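Report on one structure; see the data block that follows.
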Amino acid sequence: MNPRAPDRSRVASDCGRVAVLMGGRSAERDISLLSGAAVLTALQRQGVDAHGVDPVQEPVARLRDAGYDRAFIALHGRGGEDGVVQGALEALGLPYTGSGVLGSALSMDKLRSKQVWIGAGIPTPEFEVLGPESSDFGAVVDRLGLPLMVKPTLEGSSLGMTKVTRAQDLETALAEALRYDRCALAERWIAGPEYTAAILGERVLPLIRLETPRAFYDYEAKYHADTTRYHCPCGLSAEREQAYAAQARAAFRALGASGWGRVDFLVDIDAEPRFIEVNTVPGMTDHSLVPMAARAAGIGFDELVLDILATTLAPAGQAGVPDSSGTLGGTPTWRV
């Protein structure tokens, strides 16, 4: 599917005063500030009346009184990617980019994401839930094998994640994950290649295959290492890439996500994708994957930012803005 791009000149002229939400209080604050600065510069470069807003310094509740017409959410992690700020903006009646409350909350929670996917028949690696009282690590290893991945359920940017290759290291890995959350997941290790699918509206952009010499695609590999390699084209046949893209779109929709985002998955020895997470506010830094996929599709960074912002504008001839949570009971809902 390759829908026509929005009228970008209309977006720039009709969007009014835009708050670019960045920073916040999450563990991903520093990356959010980088993403937000890049988005803000791109919007201003195209004549948009855009202003950076850090909720730590300027409460979201005051955006309407400050004369803002809509928000571009560049907040990563808790408070910005979990439905909290989306709910506040809904209450204010301000259109915003990305997924709605439900899609944001489900996507941020890796445990709930997996539960929804399992119910929808979407493949994801097998897992066990671990908490402070977990003690039968031997049973976890017996079921999932080694190596395995331990991760917090409510964190992003690979924070708190550990690849466990020895059973005696599982307790230490859990302690690291619990620094960020009250429970964690132990996930079966998938040894195949890792891919990411950027979603822009109804379109899946070219897939990217990730390659790192590190144990896995961790925080260092994502944001600092020069040894990470990004393959786009990803090396798959056109038919295989199209099939994976369709499955990624289904995984995105199953969580109620919409607007734009990124779906990450691994491919097992049988060439089957195993979905690991959806990011509803992906990074927009110089190392980020969505801008990279957009470039491969012929969409520059400035165009990408306007295309994302365009999702907050009503289609020509319509009075409202489609709610990013999609539909309710089969009836389209609207933001004003």
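Within each chain, counting starts at residue 1; across the structure tokens, chains are named A, B, ... in the order shown, with ligands numbered 1 upward in that order.
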Requested in this report: With a distance cut-off of 7 Å and only C-alpha atoms, select the neighbouring residues of Pro55 of chain A, excluding the residue or stretch itself and same-chain residues fewer than 4 positions from it, and output the selection as a ChimeraX atom specification.
Outcome: /A:24,59-60
Output N, CA and C atoms for every residue in the selection just made, as a compact mmCIF listing (two decimals), in the first residue's frame.
# COMPACT_ATOMS: atom_id res chain seq x y z
N GLY A 24 10.62 15.61 29.44
CA GLY A 24 9.87 14.81 30.40
C GLY A 24 10.76 14.25 31.50
N PRO A 59 3.70 22.75 32.39
CA PRO A 59 2.71 21.68 32.47
C PRO A 59 1.85 21.58 31.21
N VAL A 60 1.58 20.35 30.80
CA VAL A 60 0.75 20.11 29.62
C VAL A 60 -0.63 20.74 29.78
Please report as JSON lines every residue of segment 138-230 of chain A lying within 8 Å of segment 248-255 of chain A, along with the nearest atom pair and their distance in Å (one decimal), using only C-alpha atoms.
{"residue": "A:Ala197", "atom": "CA", "partner": "A:Ala248", "partner_atom": "CA", "distance": 6.6}
{"residue": "A:Ile199", "atom": "CA", "partner": "A:Arg249", "partner_atom": "CA", "distance": 7.4}
{"residue": "A:Val204", "atom": "CA", "partner": "A:Arg249", "partner_atom": "CA", "distance": 7.1}
Output file for the residues above (all heavy atoms, as a PDB file, in the first residue's frame):
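This went into result.pdb:
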ATOM      1  N   ALA A 197      10.371  -2.311  11.316  1.00  0.00           N
ATOM      2  CA  ALA A 197       9.435  -1.831  10.298  1.00  0.00           C
ATOM      3  C   ALA A 197       8.873  -0.496  10.757  1.00  0.00           C
ATOM      4  O   ALA A 197       8.197  -0.423  11.788  1.00  0.00           O
ATOM      5  CB  ALA A 197       8.299  -2.838  10.087  1.00  0.00           C
ATOM      6  N   ILE A 199       6.308   2.502  10.486  1.00  0.00           N
ATOM      7  CA  ILE A 199       4.936   2.686  10.030  1.00  0.00           C
ATOM      8  C   ILE A 199       4.676   4.183   9.893  1.00  0.00           C
ATOM      9  O   ILE A 199       4.957   4.961  10.811  1.00  0.00           O
ATOM     10  CB  ILE A 199       3.930   2.097  11.032  1.00  0.00           C
ATOM     11  CG1 ILE A 199       4.294   0.651  11.404  1.00  0.00           C
ATOM     12  CG2 ILE A 199       2.504   2.211  10.500  1.00  0.00           C
ATOM     13  CD1 ILE A 199       4.049  -0.362  10.342  1.00  0.00           C
ATOM     14  N   VAL A 204       3.902   0.920   5.308  1.00  0.00           N
ATOM     15  CA  VAL A 204       5.085   0.361   5.949  1.00  0.00           C
ATOM     16  C   VAL A 204       6.286   0.750   5.096  1.00  0.00           C
ATOM     17  O   VAL A 204       6.353   0.414   3.911  1.00  0.00           O
ATOM     18  CB  VAL A 204       4.994  -1.168   6.085  1.00  0.00           C
ATOM     19  CG1 VAL A 204       6.243  -1.710   6.778  1.00  0.00           C
ATOM     20  CG2 VAL A 204       3.746  -1.568   6.857  1.00  0.00           C
TER      21      VAL A 204
END
Requested in this report: For Leu148 of chain A, list every protein, DNA or RNA residue within 9 Å, evaluated using only C-alpha atoms, and leave out those in the same chain fewer than 2 positions away; present the list as a PyMOL selection string.
Outcome: chain A and resi 141+144-146+150+162-165+186-190
Query raised in the report: Out of A:Leu130, A:Ala310, A:Leu210, A:Ala74, which residue has the shortest atom-to-atom distance to Ala175 of chain A when counting only C-alpha atoms?
Result: A:Leu130
Requested in this report: Would you please extract all helix (DSSP H, G or I) residues from segment 29-145 of chain A, as assigned by DSSP on the backbone, and give them as a VMD selection string?
Outcome: chain A and resid 29 to 45 60 to 62 84 to 92 101 to 108 110 to 120 137 to 144
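For the pair atom CA of Val85 of chain A and atom CA of Pro152 of chain A, the separation is 21.2 Å.
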Requested in this report: Measuring atom to atom with only C-alpha atoms, identify which of A:Ala191, A:Ala91, A:Val278, A:Cys183 is nearest to Pro147 of chain A.
Outcome: A:Ala191
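Distances here use only C-alpha atoms; by that measure, the residue among A:Ser288, A:Ala293, A:Ala246, A:Gly16 closest to Pro233 of chain A is A:Ala293.
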Each segment 266-314 of chain A residue no farther than 7 Å from segment 94-97 of chain A, nearest pair in Å, only C-alpha atoms, as a Markdown table:
| residue | atom | partner | partner_atom | distance |
| --- | --- | --- | --- | --- |
| A:Ile308 | CA | A:Thr97 | CA | 6.6 |
| A:Leu309 | CA | A:Thr97 | CA | 6.2 |
| A:Thr311 | CA | A:Thr97 | CA | 6.5 |
| A:Thr312 | CA | A:Pro95 | CA | 5.5 |
**Report entry** Spatial neighbours of Ile276 of chain A, 12 Å, only C-alpha atoms, chain gap at least 4 places, as a PyMOL selection string
**Finding:** chain A and resi 107-115+117-118+122-127+149+151+153+156+158+185+187-190+194-197+248+251-252+262-267
Convert the current residue selection to file output with N, CA, C and O atoms, as a compact mmCIF listing (two decimals), in the first residue's frame.
# COMPACT_ATOMS: atom_id res chain seq x y z
N SER A 107 1.14 -0.69 23.91
CA SER A 107 2.43 -0.84 23.24
C SER A 107 3.59 -0.64 24.21
O SER A 107 4.64 -1.29 24.07
N MET A 108 3.42 0.25 25.17
CA MET A 108 4.49 0.50 26.14
C MET A 108 4.70 -0.69 27.07
O MET A 108 5.82 -0.96 27.52
N ASP A 109 3.65 -1.43 27.33
CA ASP A 109 3.71 -2.56 28.26
C ASP A 109 4.03 -3.84 27.49
O ASP A 109 3.17 -4.40 26.81
N LYS A 110 5.27 -4.31 27.61
CA LYS A 110 5.69 -5.47 26.83
C LYS A 110 4.92 -6.73 27.19
O LYS A 110 4.68 -7.59 26.33
N LEU A 111 4.53 -6.87 28.45
CA LEU A 111 3.75 -8.03 28.85
C LEU A 111 2.37 -8.00 28.21
O LEU A 111 1.93 -9.00 27.62
N ARG A 112 1.67 -6.86 28.31
CA ARG A 112 0.34 -6.76 27.71
C ARG A 112 0.40 -6.87 26.19
O ARG A 112 -0.48 -7.45 25.56
N SER A 113 1.45 -6.34 25.59
CA SER A 113 1.63 -6.49 24.15
C SER A 113 1.66 -7.97 23.76
O SER A 113 0.98 -8.41 22.83
N LYS A 114 2.45 -8.73 24.51
CA LYS A 114 2.56 -10.15 24.20
C LYS A 114 1.23 -10.87 24.41
O LYS A 114 0.84 -11.74 23.60
N GLN A 115 0.53 -10.52 25.46
CA GLN A 115 -0.75 -11.17 25.72
C GLN A 115 -1.75 -10.89 24.61
O GLN A 115 -2.50 -11.78 24.19
N TRP A 117 -0.97 -10.06 21.47
CA TRP A 117 -0.49 -10.74 20.28
C TRP A 117 -0.79 -12.24 20.31
O TRP A 117 -1.20 -12.82 19.30
N ILE A 118 -0.60 -12.85 21.46
CA ILE A 118 -0.90 -14.28 21.56
C ILE A 118 -2.37 -14.53 21.27
O ILE A 118 -2.75 -15.46 20.54
N ILE A 122 -0.52 -13.63 16.71
CA ILE A 122 0.69 -12.99 16.17
C ILE A 122 1.89 -13.54 16.93
O ILE A 122 1.93 -13.49 18.16
N PRO A 123 2.89 -14.09 16.24
CA PRO A 123 3.98 -14.79 16.93
C PRO A 123 4.91 -13.85 17.69
O PRO A 123 5.29 -12.78 17.22
N THR A 124 5.26 -14.26 18.90
CA THR A 124 6.18 -13.52 19.76
C THR A 124 6.97 -14.55 20.55
O THR A 124 6.47 -15.65 20.82
N PRO A 125 8.21 -14.25 20.93
CA PRO A 125 9.00 -15.25 21.67
C PRO A 125 8.33 -15.66 22.97
O PRO A 125 7.70 -14.84 23.65
N GLU A 126 8.49 -16.94 23.33
CA GLU A 126 7.97 -17.43 24.60
C GLU A 126 8.65 -16.69 25.75
O GLU A 126 9.79 -16.23 25.63
N PHE A 127 7.95 -16.61 26.88
CA PHE A 127 8.47 -15.80 27.99
C PHE A 127 7.96 -16.31 29.33
O PHE A 127 7.03 -17.10 29.41
N MET A 149 16.77 -13.51 27.11
CA MET A 149 16.79 -12.07 27.32
C MET A 149 15.94 -11.73 28.53
O MET A 149 14.81 -12.21 28.66
N LYS A 151 14.28 -8.40 30.50
CA LYS A 151 13.99 -6.99 30.24
C LYS A 151 12.89 -6.49 31.16
O LYS A 151 12.01 -7.25 31.56
N THR A 153 9.37 -4.63 31.90
CA THR A 153 8.15 -4.65 31.08
C THR A 153 7.76 -3.25 30.59
O THR A 153 7.07 -3.13 29.59
N GLY A 156 12.01 1.54 27.66
CA GLY A 156 12.42 1.58 26.26
C GLY A 156 13.91 1.76 26.13
O GLY A 156 14.66 1.79 27.10
N SER A 158 16.15 -0.14 25.29
CA SER A 158 16.91 -1.30 25.79
C SER A 158 17.46 -1.10 27.19
O SER A 158 18.35 -1.83 27.64
N LEU A 185 10.45 -9.51 32.22
CA LEU A 185 10.21 -10.67 31.37
C LEU A 185 11.53 -11.39 31.12
O LEU A 185 12.56 -10.75 30.87
N GLU A 187 12.75 -13.85 28.28
CA GLU A 187 12.24 -14.16 26.95
C GLU A 187 13.19 -15.13 26.24
O GLU A 187 14.42 -14.99 26.32
N ARG A 188 12.59 -16.10 25.55
CA ARG A 188 13.40 -17.05 24.78
C ARG A 188 14.26 -16.30 23.77
O ARG A 188 13.77 -15.42 23.06
N TRP A 189 15.53 -16.64 23.70
CA TRP A 189 16.44 -15.98 22.78
C TRP A 189 16.19 -16.46 21.35
O TRP A 189 16.10 -17.65 21.09
N ILE A 190 16.04 -15.52 20.44
CA ILE A 190 15.89 -15.82 19.02
C ILE A 190 17.19 -15.45 18.35
O ILE A 190 17.60 -14.28 18.34
N GLU A 194 17.64 -9.37 13.25
CA GLU A 194 16.66 -8.43 13.78
C GLU A 194 16.31 -7.40 12.72
O GLU A 194 17.18 -6.89 12.02
N TYR A 195 15.01 -7.12 12.62
CA TYR A 195 14.51 -6.14 11.66
C TYR A 195 13.62 -5.13 12.37
O TYR A 195 13.10 -5.39 13.47
N THR A 196 13.45 -3.99 11.74
CA THR A 196 12.48 -3.02 12.23
C THR A 196 11.66 -2.52 11.06
O THR A 196 12.17 -2.35 9.94
N ALA A 197 10.37 -2.31 11.32
CA ALA A 197 9.44 -1.83 10.30
C ALA A 197 8.87 -0.50 10.76
O ALA A 197 8.20 -0.42 11.79
N ALA A 248 3.97 -7.06 10.24
CA ALA A 248 4.30 -5.96 11.15
C ALA A 248 3.14 -4.99 11.28
O ALA A 248 2.82 -4.51 12.38
N ALA A 251 0.63 -6.55 13.57
CA ALA A 251 1.05 -6.48 14.96
C ALA A 251 0.82 -5.08 15.52
O ALA A 251 0.41 -4.91 16.68
N PHE A 252 1.07 -4.06 14.72
CA PHE A 252 0.86 -2.66 15.10
C PHE A 252 -0.61 -2.40 15.38
O PHE A 252 -1.00 -1.86 16.42
N ARG A 262 6.96 2.25 15.10
CA ARG A 262 7.97 1.31 14.65
C ARG A 262 7.71 -0.05 15.29
O ARG A 262 7.41 -0.12 16.49
N VAL A 263 7.83 -1.09 14.51
CA VAL A 263 7.61 -2.46 14.99
C VAL A 263 8.92 -3.22 14.87
O VAL A 263 9.51 -3.29 13.78
N ASP A 264 9.39 -3.80 15.97
CA ASP A 264 10.65 -4.54 15.98
C ASP A 264 10.37 -6.04 16.05
O ASP A 264 9.50 -6.48 16.81
N PHE A 265 11.13 -6.79 15.27
CA PHE A 265 10.95 -8.25 15.29
C PHE A 265 12.24 -8.96 14.95
O PHE A 265 13.16 -8.40 14.33
N LEU A 266 12.31 -10.21 15.39
CA LEU A 266 13.41 -11.12 15.09
C LEU A 266 12.90 -12.22 14.18
O LEU A 266 11.71 -12.52 14.18
N VAL A 267 13.79 -12.82 13.44
CA VAL A 267 13.41 -13.91 12.54
C VAL A 267 14.11 -15.19 12.99
O VAL A 267 15.33 -15.20 13.17
**Report entry** Picked from segment 89-270 of chain A by DSSP as strand (DSSP E), as a PyMOL selection string
**Finding:** chain A and resi 127-130+148-152+162-164+184-188+194-200+203-204+208-211+229-231+260-267
Keeping only N, CA and C atoms, write the selected residues to a file as a compact mmCIF listing (two decimals), in the first residue's frame.
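Full text of part01.txt as output:
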# COMPACT_ATOMS: atom_id res chain seq x y z
N PHE A 127 7.95 -16.61 26.88
CA PHE A 127 8.47 -15.80 27.99
C PHE A 127 7.96 -16.31 29.33
N GLU A 128 8.60 -15.80 30.37
CA GLU A 128 8.15 -15.98 31.74
C GLU A 128 8.14 -14.61 32.41
N VAL A 129 7.17 -14.38 33.29
CA VAL A 129 7.11 -13.13 34.06
C VAL A 129 7.92 -13.33 35.34
N LEU A 130 8.82 -12.38 35.62
CA LEU A 130 9.66 -12.43 36.81
C LEU A 130 9.40 -11.22 37.68
N LEU A 148 18.94 -16.40 27.07
CA LEU A 148 17.64 -15.75 27.07
C LEU A 148 17.81 -14.27 27.36
N MET A 149 16.77 -13.51 27.11
CA MET A 149 16.79 -12.07 27.32
C MET A 149 15.94 -11.73 28.53
N VAL A 150 16.47 -10.89 29.41
CA VAL A 150 15.71 -10.38 30.55
C VAL A 150 15.52 -8.88 30.35
N LYS A 151 14.28 -8.40 30.50
CA LYS A 151 13.99 -6.99 30.24
C LYS A 151 12.89 -6.49 31.16
N PRO A 152 12.91 -5.19 31.50
CA PRO A 152 11.77 -4.60 32.22
C PRO A 152 10.54 -4.60 31.31
N THR A 162 19.32 -7.45 29.65
CA THR A 162 20.53 -8.26 29.77
C THR A 162 20.36 -9.56 29.00
N LYS A 163 21.37 -9.91 28.23
CA LYS A 163 21.42 -11.24 27.62
C LYS A 163 22.05 -12.19 28.63
N VAL A 164 21.34 -13.25 28.97
CA VAL A 164 21.80 -14.20 29.97
C VAL A 164 22.25 -15.48 29.28
N ALA A 184 9.56 -8.06 35.41
CA ALA A 184 10.38 -8.20 34.21
C ALA A 184 9.94 -9.42 33.43
N LEU A 185 10.45 -9.51 32.22
CA LEU A 185 10.21 -10.67 31.37
C LEU A 185 11.53 -11.39 31.12
N ALA A 186 11.49 -12.70 31.20
CA ALA A 186 12.56 -13.54 30.67
C ALA A 186 12.03 -14.11 29.37
N GLU A 187 12.75 -13.85 28.28
CA GLU A 187 12.24 -14.16 26.95
C GLU A 187 13.19 -15.13 26.24
N ARG A 188 12.59 -16.10 25.55
CA ARG A 188 13.40 -17.05 24.78
C ARG A 188 14.26 -16.30 23.77
N GLU A 194 17.64 -9.37 13.25
CA GLU A 194 16.66 -8.43 13.78
C GLU A 194 16.31 -7.40 12.72
N TYR A 195 15.01 -7.12 12.62
CA TYR A 195 14.51 -6.14 11.66
C TYR A 195 13.62 -5.13 12.37
N THR A 196 13.45 -3.99 11.74
CA THR A 196 12.48 -3.02 12.23
C THR A 196 11.66 -2.52 11.06
N ALA A 197 10.37 -2.31 11.32
CA ALA A 197 9.44 -1.83 10.30
C ALA A 197 8.87 -0.50 10.76
N ALA A 198 9.18 0.56 10.02
CA ALA A 198 8.64 1.88 10.34
C ALA A 198 7.26 2.01 9.71
N ILE A 199 6.31 2.50 10.49
CA ILE A 199 4.94 2.69 10.03
C ILE A 199 4.68 4.18 9.89
N LEU A 200 4.15 4.59 8.76
CA LEU A 200 3.78 5.98 8.52
C LEU A 200 2.38 6.00 7.93
N ARG A 203 1.12 3.14 5.62
CA ARG A 203 2.26 2.65 4.84
C ARG A 203 3.33 2.05 5.74
N VAL A 204 3.90 0.92 5.31
CA VAL A 204 5.09 0.36 5.95
C VAL A 204 6.29 0.75 5.10
N ILE A 208 14.44 -2.36 7.73
CA ILE A 208 15.86 -2.21 8.04
C ILE A 208 16.31 -3.45 8.81
N ARG A 209 17.43 -4.03 8.40
CA ARG A 209 18.04 -5.13 9.15
C ARG A 209 19.17 -4.55 10.00
N LEU A 210 19.17 -4.89 11.29
CA LEU A 210 20.13 -4.34 12.23
C LEU A 210 21.25 -5.34 12.48
N GLU A 211 22.46 -4.85 12.54
CA GLU A 211 23.60 -5.74 12.80
C GLU A 211 24.56 -5.04 13.75
N ARG A 229 25.53 -1.56 12.19
CA ARG A 229 25.28 -1.47 10.75
C ARG A 229 23.78 -1.57 10.49
N TYR A 230 23.31 -0.73 9.58
CA TYR A 230 21.89 -0.67 9.23
C TYR A 230 21.77 -1.00 7.75
N HIS A 231 21.09 -2.10 7.45
CA HIS A 231 20.97 -2.55 6.07
C HIS A 231 19.60 -2.19 5.52
N TRP A 260 1.78 6.76 13.42
CA TRP A 260 3.14 6.40 13.03
C TRP A 260 3.78 5.63 14.17
N GLY A 261 4.84 4.92 13.89
CA GLY A 261 5.50 4.14 14.92
C GLY A 261 6.51 3.20 14.31
N ARG A 262 6.96 2.25 15.10
CA ARG A 262 7.97 1.31 14.65
C ARG A 262 7.71 -0.05 15.29
N VAL A 263 7.83 -1.09 14.51
CA VAL A 263 7.61 -2.46 14.99
C VAL A 263 8.92 -3.22 14.87
N ASP A 264 9.39 -3.80 15.97
CA ASP A 264 10.65 -4.54 15.98
C ASP A 264 10.37 -6.04 16.05
N PHE A 265 11.13 -6.79 15.27
CA PHE A 265 10.95 -8.25 15.29
C PHE A 265 12.24 -8.96 14.95
N LEU A 266 12.31 -10.21 15.39
CA LEU A 266 13.41 -11.12 15.09
C LEU A 266 12.90 -12.22 14.18
N VAL A 267 13.79 -12.82 13.44
CA VAL A 267 13.41 -13.91 12.54
C VAL A 267 14.11 -15.19 12.99
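Among the candidates A:Gly138, A:Gly103, A:Pro282, A:Gly131, the residue lying nearest to Glu28 of chain A is A:Pro282 (atoms considered: only C-alpha atoms).
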Report task. Compile the contact shell of Tyr68 of chain A as a list of chain:residue names: residues with an atom at most 8 Å away, counting only C-alpha atoms, same-chain residues fewer than 3 positions apart removed. Result ->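 Here the qualifying residues turn out to be A:Gly16, A:Arg17, A:Val18, A:Ala19, A:Leu63, A:Arg64, A:Asp65, A:Ala71.
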**Report entry** Residue contacts of Ala271 of chain A (10 Å, only C-alpha atoms) excluding same-chain residues fewer than 5 positions away, as a ChimeraX atom specification
**Finding:** /A:192-193,240,266
